[in-house]
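**Student:** Sending over a structure as structure tokens; questions will come in a sec.
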Amino acid sequence: MSARGRYFVAGVIARWKKQRLQLLVMNTKIVEGPRAGERSLKFPGGMEESQDNGNPEKTLRAEIEEETGLRIRDNAIVSLLSKVSVEDHDKYFFLVWKRDCEGARRTKTIKDGNTVLYPPHWADLEFLKPVLYRTHRLALEKLTF
């Protein structure tokens with residue numbers, strides 16, 4: 001567990017397509033509570049669960065599979081891009097290459113807590129820089145290609 005309490009993880013799943021770097025992202029919408037109606041474009045991820053035993057990579061693997069339909073292979077190289085402290089928790093951003101994943105992308109909209117997650121889709125890095133959710137944008141600065 002993070003020294004600050006619970007933590008959040010996000011997976012920056014990357015691929016090269018026609019010599020352009022693309023990242024897997026999802027549109028989200030909060031449907032309940034004081035922030036209802038708020039929309040964001042984010043990397044897949046989520047908060048730590050008790051069964052993760054304070055292991056951010058374990059959290060990452062579970063969240064990626066739940067939110068995208070892709071499974072990170074057991075022997076995949078999972079690299080920590082950055083750790084950002086926000087409010088009352090830390091956010092870990094991990095880089096995983098698409099070639100290190102198996103399965104098929106989720107094609108249906110799902111509800112996750114008080115948020116609707118639309119199907120994940122690929123977006124070019126340049127497109128994402130101005131529109132990605134603000135704290136997720138910080139991970140883009142750590143990409144060195």
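Letters for chains follow the order of the structure tokens (A, B, ...), residue numbers begin at 1 for each chain, and ligand numbers begin at 1 in the order shown.
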From stretch 46-137 of chain A, collect each residue whose DSSP state is strand (DSSP E) and return the set as a PyMOL selection string.
**Tutor:** chain A and resi 46-47+70-72+79-86+89-97+101-103+110-112+115-117+121-124
**Student:** Can you list every residue of stretch 78-124 of chain A that has an atom at most 9 Å from stretch 8-30 of chain A, with its nearest atom pair and the distance in Å to one decimal, using only C-alpha atoms, ordered by chain then number, as CSV?
**Tutor:**
residue,atom,partner,partner_atom,distance
A:Leu81,CA,A:Val12,CA,8.7
A:His89,CA,A:Phe8,CA,7.2
A:Asp90,CA,A:Phe8,CA,6.3
A:Lys91,CA,A:Phe8,CA,4.7
A:Tyr92,CA,A:Val9,CA,4.7
A:Phe93,CA,A:Ala10,CA,4.9
A:Phe94,CA,A:Gly11,CA,5.1
A:Leu95,CA,A:Val12,CA,4.8
A:Val96,CA,A:Ile13,CA,4.8
A:Trp97,CA,A:Ala14,CA,4.9
A:Lys98,CA,A:Arg15,CA,5.6
A:Arg99,CA,A:Arg15,CA,7.7
A:Cys101,CA,A:Ile13,CA,8.9
A:Asn114,CA,A:Ile30,CA,5.8
A:Thr115,CA,A:Ile30,CA,4.3
A:Val116,CA,A:Lys29,CA,5.2
A:Leu117,CA,A:Thr28,CA,4.8
A:Tyr118,CA,A:Asn27,CA,5.5
A:Pro119,CA,A:Met26,CA,6.3
A:Pro120,CA,A:Met26,CA,4.5
A:His121,CA,A:Leu24,CA,5.5
A:Trp122,CA,A:Leu24,CA,4.6
A:Ala123,CA,A:Gln22,CA,5.2
A:Asp124,CA,A:Gln22,CA,4.4
**Student:** Generate the output file for the selected residues, C-alpha atoms, as a PDB file, in the first residue's frame.
**Tutor:**
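Saved the output as result-v9.pdb:
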ATOM      1  CA  LEU A  81       6.222   5.389 -16.004  1.00  0.00           C
ATOM      2  CA  HIS A  89      -3.689   8.982  -2.703  1.00  0.00           C
ATOM      3  CA  ASP A  90      -0.895   8.161  -5.137  1.00  0.00           C
ATOM      4  CA  LYS A  91      -1.421   7.354  -8.819  1.00  0.00           C
ATOM      5  CA  TYR A  92       0.847   4.841 -10.526  1.00  0.00           C
ATOM      6  CA  PHE A  93       1.078   4.861 -14.327  1.00  0.00           C
ATOM      7  CA  PHE A  94       2.488   1.731 -15.956  1.00  0.00           C
ATOM      8  CA  LEU A  95       3.518   1.209 -19.589  1.00  0.00           C
ATOM      9  CA  VAL A  96       2.537  -2.067 -21.264  1.00  0.00           C
ATOM     10  CA  TRP A  97       2.898  -2.838 -24.960  1.00  0.00           C
ATOM     11  CA  LYS A  98      -0.098  -4.276 -26.812  1.00  0.00           C
ATOM     12  CA  ARG A  99       2.082  -7.184 -27.996  1.00  0.00           C
ATOM     13  CA  CYS A 101      -1.448  -8.508 -24.026  1.00  0.00           C
ATOM     14  CA  ASN A 114     -20.739   5.435 -10.231  1.00  0.00           C
ATOM     15  CA  THR A 115     -19.045   5.676 -13.646  1.00  0.00           C
ATOM     16  CA  VAL A 116     -19.962   4.479 -17.136  1.00  0.00           C
ATOM     17  CA  LEU A 117     -16.985   3.185 -19.130  1.00  0.00           C
ATOM     18  CA  TYR A 118     -17.352   3.325 -22.879  1.00  0.00           C
ATOM     19  CA  PRO A 119     -15.463   0.797 -25.025  1.00  0.00           C
ATOM     20  CA  PRO A 120     -11.712   1.411 -25.088  1.00  0.00           C
ATOM     21  CA  HIS A 121     -10.236   2.730 -28.334  1.00  0.00           C
ATOM     22  CA  TRP A 122      -6.850   3.610 -29.799  1.00  0.00           C
ATOM     23  CA  ALA A 123      -5.850   7.258 -30.087  1.00  0.00           C
ATOM     24  CA  ASP A 124      -2.724   8.935 -31.454  1.00  0.00           C
TER      25      ASP A 124
END
**Student:** Measure the distance from atom CA of A:Ala139 to atom CA of A:Leu60 in Å and round it to one decimal.
**Tutor:**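 Between atom CA of A:Ala139 and atom CA of A:Leu60 the gap works out to 15.0 Å.
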**Student:** Counting only C-alpha atoms, what are the residues of stretch 117-141 of chain A within 7 Å of stretch 31-51 of chain A, and for each of them which pair of atoms is the nearest and at what distance in Å, to one decimal? Sort the table by chain and rising number, as JSON lines.
**Tutor:**
{"residue": "A:Leu132", "atom": "CA", "partner": "A:Leu41", "partner_atom": "CA", "distance": 5.2}
{"residue": "A:Tyr133", "atom": "CA", "partner": "A:Leu41", "partner_atom": "CA", "distance": 5.6}
{"residue": "A:His136", "atom": "CA", "partner": "A:Lys42", "partner_atom": "CA", "distance": 6.5}
**Student:** Emit the selected residues as a tab-separated table (two decimals), in the first residue's frame, including C-alpha atoms.
**Tutor:**
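Written file, out-v3.tsv:
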chain	number	residue	atom	x	y	z
A	132	LEU	CA	-6.63	13.50	-21.83
A	133	TYR	CA	-7.75	13.84	-18.20
A	136	HIS	CA	-3.37	11.18	-16.76
**Student:** Using only C-alpha atoms, which protein or nucleic acid residues come within 10 Å of A:Arg73? Drop anything in the same chain fewer than 4 positions from it, and give the result as a PyMOL selection string.
**Tutor:** chain A and resi 61+77-78+99-103
**Student:** With only C-alpha atoms as the atoms that count, which of A:Leu80, A:Leu128, A:Leu140, A:Leu70 lies nearest to A:Glu57?
**Tutor:**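 That would be A:Leu80, the residue with the smallest distance to A:Glu57.
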**Student:** Using only C-alpha atoms for the distances, tell me which of A:Arg137, A:Asn55, A:Phe127, A:Arg6 is nearest to A:Ser82.
**Tutor:** A:Arg137
**Student:** Nearest residue to A:Ala104 out of A:Arg134, A:Arg71, A:Lys142, A:Lys129, using only C-alpha atoms?
**Tutor:** A:Arg71
**Student:** Where does DSSP see alpha helix (DSSP H) in stretch 19-104 of chain A, if you list the residues as a list of chain:residue names?
**Tutor:**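 Selecting the alpha helix (DSSP H) positions of stretch 19-104 of chain A gives A:Pro56, A:Glu57, A:Lys58, A:Thr59, A:Leu60, A:Arg61, A:Ala62, A:Glu63, A:Ile64, A:Glu65, A:Glu66, A:Glu67, A:Thr68.
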**Student:** Any chance you could export the current selection's all heavy atoms as a CSV table (one decimal), in the first residue's frame?
**Tutor:**
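Output file result31.csv is given in full below:
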chain,number,residue,atom,x,y,z
A,56,PRO,N,0.8,-2.7,-6.6
A,56,PRO,CA,0.2,-2.0,-7.7
A,56,PRO,C,0.2,-2.7,-9.0
A,56,PRO,O,-0.8,-2.6,-9.8
A,56,PRO,CB,1.1,-0.7,-7.8
A,56,PRO,CG,1.7,-0.6,-6.4
A,56,PRO,CD,1.8,-2.0,-5.9
A,57,GLU,N,1.2,-3.6,-9.3
A,57,GLU,CA,1.1,-4.3,-10.6
A,57,GLU,C,0.0,-5.3,-10.6
A,57,GLU,O,-0.7,-5.5,-11.6
A,57,GLU,CB,2.5,-5.0,-10.8
A,57,GLU,CG,2.5,-5.6,-12.2
A,57,GLU,CD,3.8,-6.3,-12.6
A,57,GLU,OE1,4.9,-5.7,-12.2
A,57,GLU,OE2,3.8,-7.3,-13.3
A,58,LYS,N,-0.3,-5.9,-9.4
A,58,LYS,CA,-1.4,-6.9,-9.3
A,58,LYS,C,-2.7,-6.1,-9.6
A,58,LYS,O,-3.6,-6.6,-10.3
A,58,LYS,CB,-1.5,-7.5,-8.0
A,58,LYS,CG,-2.5,-8.6,-7.8
A,58,LYS,CD,-2.4,-9.3,-6.5
A,58,LYS,CE,-3.5,-10.4,-6.4
A,58,LYS,NZ,-3.4,-11.1,-5.1
A,59,THR,N,-2.9,-4.9,-9.0
A,59,THR,CA,-4.0,-4.1,-9.3
A,59,THR,C,-4.2,-3.7,-10.7
A,59,THR,O,-5.2,-3.8,-11.3
A,59,THR,CB,-3.9,-2.8,-8.4
A,59,THR,OG1,-3.7,-3.1,-7.1
A,59,THR,CG2,-5.2,-1.9,-8.6
A,60,LEU,N,-3.0,-3.4,-11.3
A,60,LEU,CA,-3.0,-3.0,-12.8
A,60,LEU,C,-3.5,-4.2,-13.6
A,60,LEU,O,-4.4,-4.0,-14.5
A,60,LEU,CB,-1.6,-2.7,-13.2
A,60,LEU,CG,-1.4,-2.5,-14.7
A,60,LEU,CD1,-2.0,-1.1,-15.1
A,60,LEU,CD2,0.0,-2.6,-15.1
A,61,ARG,N,-3.0,-5.3,-13.4
A,61,ARG,CA,-3.4,-6.5,-14.2
A,61,ARG,C,-4.9,-6.8,-14.1
A,61,ARG,O,-5.6,-7.0,-15.1
A,61,ARG,CB,-2.6,-7.7,-13.8
A,61,ARG,CG,-1.2,-7.7,-14.2
A,61,ARG,CD,-0.3,-8.8,-13.7
A,61,ARG,NE,1.0,-8.7,-14.1
A,61,ARG,CZ,1.5,-9.2,-15.3
A,61,ARG,NH1,0.6,-9.8,-16.1
A,61,ARG,NH2,2.7,-9.1,-15.6
A,62,ALA,N,-5.5,-6.7,-12.9
A,62,ALA,CA,-6.9,-6.9,-12.7
A,62,ALA,C,-7.7,-5.8,-13.4
A,62,ALA,O,-8.7,-6.1,-14.0
A,62,ALA,CB,-7.2,-7.0,-11.2
A,63,GLU,N,-7.3,-4.6,-13.2
A,63,GLU,CA,-8.1,-3.5,-13.8
A,63,GLU,C,-8.1,-3.5,-15.3
A,63,GLU,O,-9.1,-3.2,-15.9
A,63,GLU,CB,-7.6,-2.1,-13.2
A,63,GLU,CG,-7.9,-1.9,-11.8
A,63,GLU,CD,-9.4,-1.7,-11.5
A,63,GLU,OE1,-10.1,-1.3,-12.4
A,63,GLU,OE2,-9.8,-2.0,-10.3
A,64,ILE,N,-6.9,-3.7,-15.9
A,64,ILE,CA,-6.8,-3.8,-17.3
A,64,ILE,C,-7.7,-4.8,-17.9
A,64,ILE,O,-8.5,-4.6,-18.9
A,64,ILE,CB,-5.3,-4.0,-17.8
A,64,ILE,CG1,-4.5,-2.8,-17.4
A,64,ILE,CG2,-5.3,-4.4,-19.3
A,64,ILE,CD1,-4.8,-1.5,-18.1
A,65,GLU,N,-7.7,-6.0,-17.3
A,65,GLU,CA,-8.6,-7.1,-17.8
A,65,GLU,C,-10.1,-6.7,-17.6
A,65,GLU,O,-10.9,-6.9,-18.6
A,65,GLU,CB,-8.3,-8.4,-17.1
A,65,GLU,CG,-9.0,-9.6,-17.7
A,65,GLU,CD,-8.4,-10.9,-17.3
A,65,GLU,OE1,-7.5,-11.0,-16.5
A,65,GLU,OE2,-9.0,-11.9,-17.8
A,66,GLU,N,-10.4,-6.2,-16.5
A,66,GLU,CA,-11.8,-5.8,-16.2
A,66,GLU,C,-12.3,-4.7,-17.1
A,66,GLU,O,-13.4,-4.7,-17.7
A,66,GLU,CB,-12.0,-5.3,-14.8
A,66,GLU,CG,-13.3,-4.8,-14.4
A,66,GLU,CD,-13.4,-4.2,-13.0
A,66,GLU,OE1,-12.5,-4.6,-12.2
A,66,GLU,OE2,-14.3,-3.4,-12.7
A,67,GLU,N,-11.5,-3.7,-17.4
A,67,GLU,CA,-11.9,-2.5,-18.1
A,67,GLU,C,-11.7,-2.6,-19.6
A,67,GLU,O,-12.4,-1.9,-20.3
A,67,GLU,CB,-11.3,-1.2,-17.5
A,67,GLU,CG,-11.7,-1.0,-16.1
A,67,GLU,CD,-11.3,0.4,-15.6
A,67,GLU,OE1,-10.6,1.1,-16.4
A,67,GLU,OE2,-11.7,0.7,-14.5
A,68,THR,N,-10.8,-3.4,-20.1
A,68,THR,CA,-10.5,-3.4,-21.5
A,68,THR,C,-10.8,-4.7,-22.2
A,68,THR,O,-11.0,-4.8,-23.4
A,68,THR,CB,-9.0,-3.1,-21.8
A,68,THR,OG1,-8.2,-4.2,-21.4
A,68,THR,CG2,-8.6,-1.8,-21.2
**Student:** What is the atom CA of A:Thr109 to atom CA of A:Asp74 distance in Å?
**Tutor:** 26.9 Å
**Student:** Report the distance between atom CA of A:Glu141 and atom CA of A:Leu125 in Å, rounded to one decimal place.
**Tutor:**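 For atom CA of A:Glu141 relative to atom CA of A:Leu125, the distance reads 10.8 Å.
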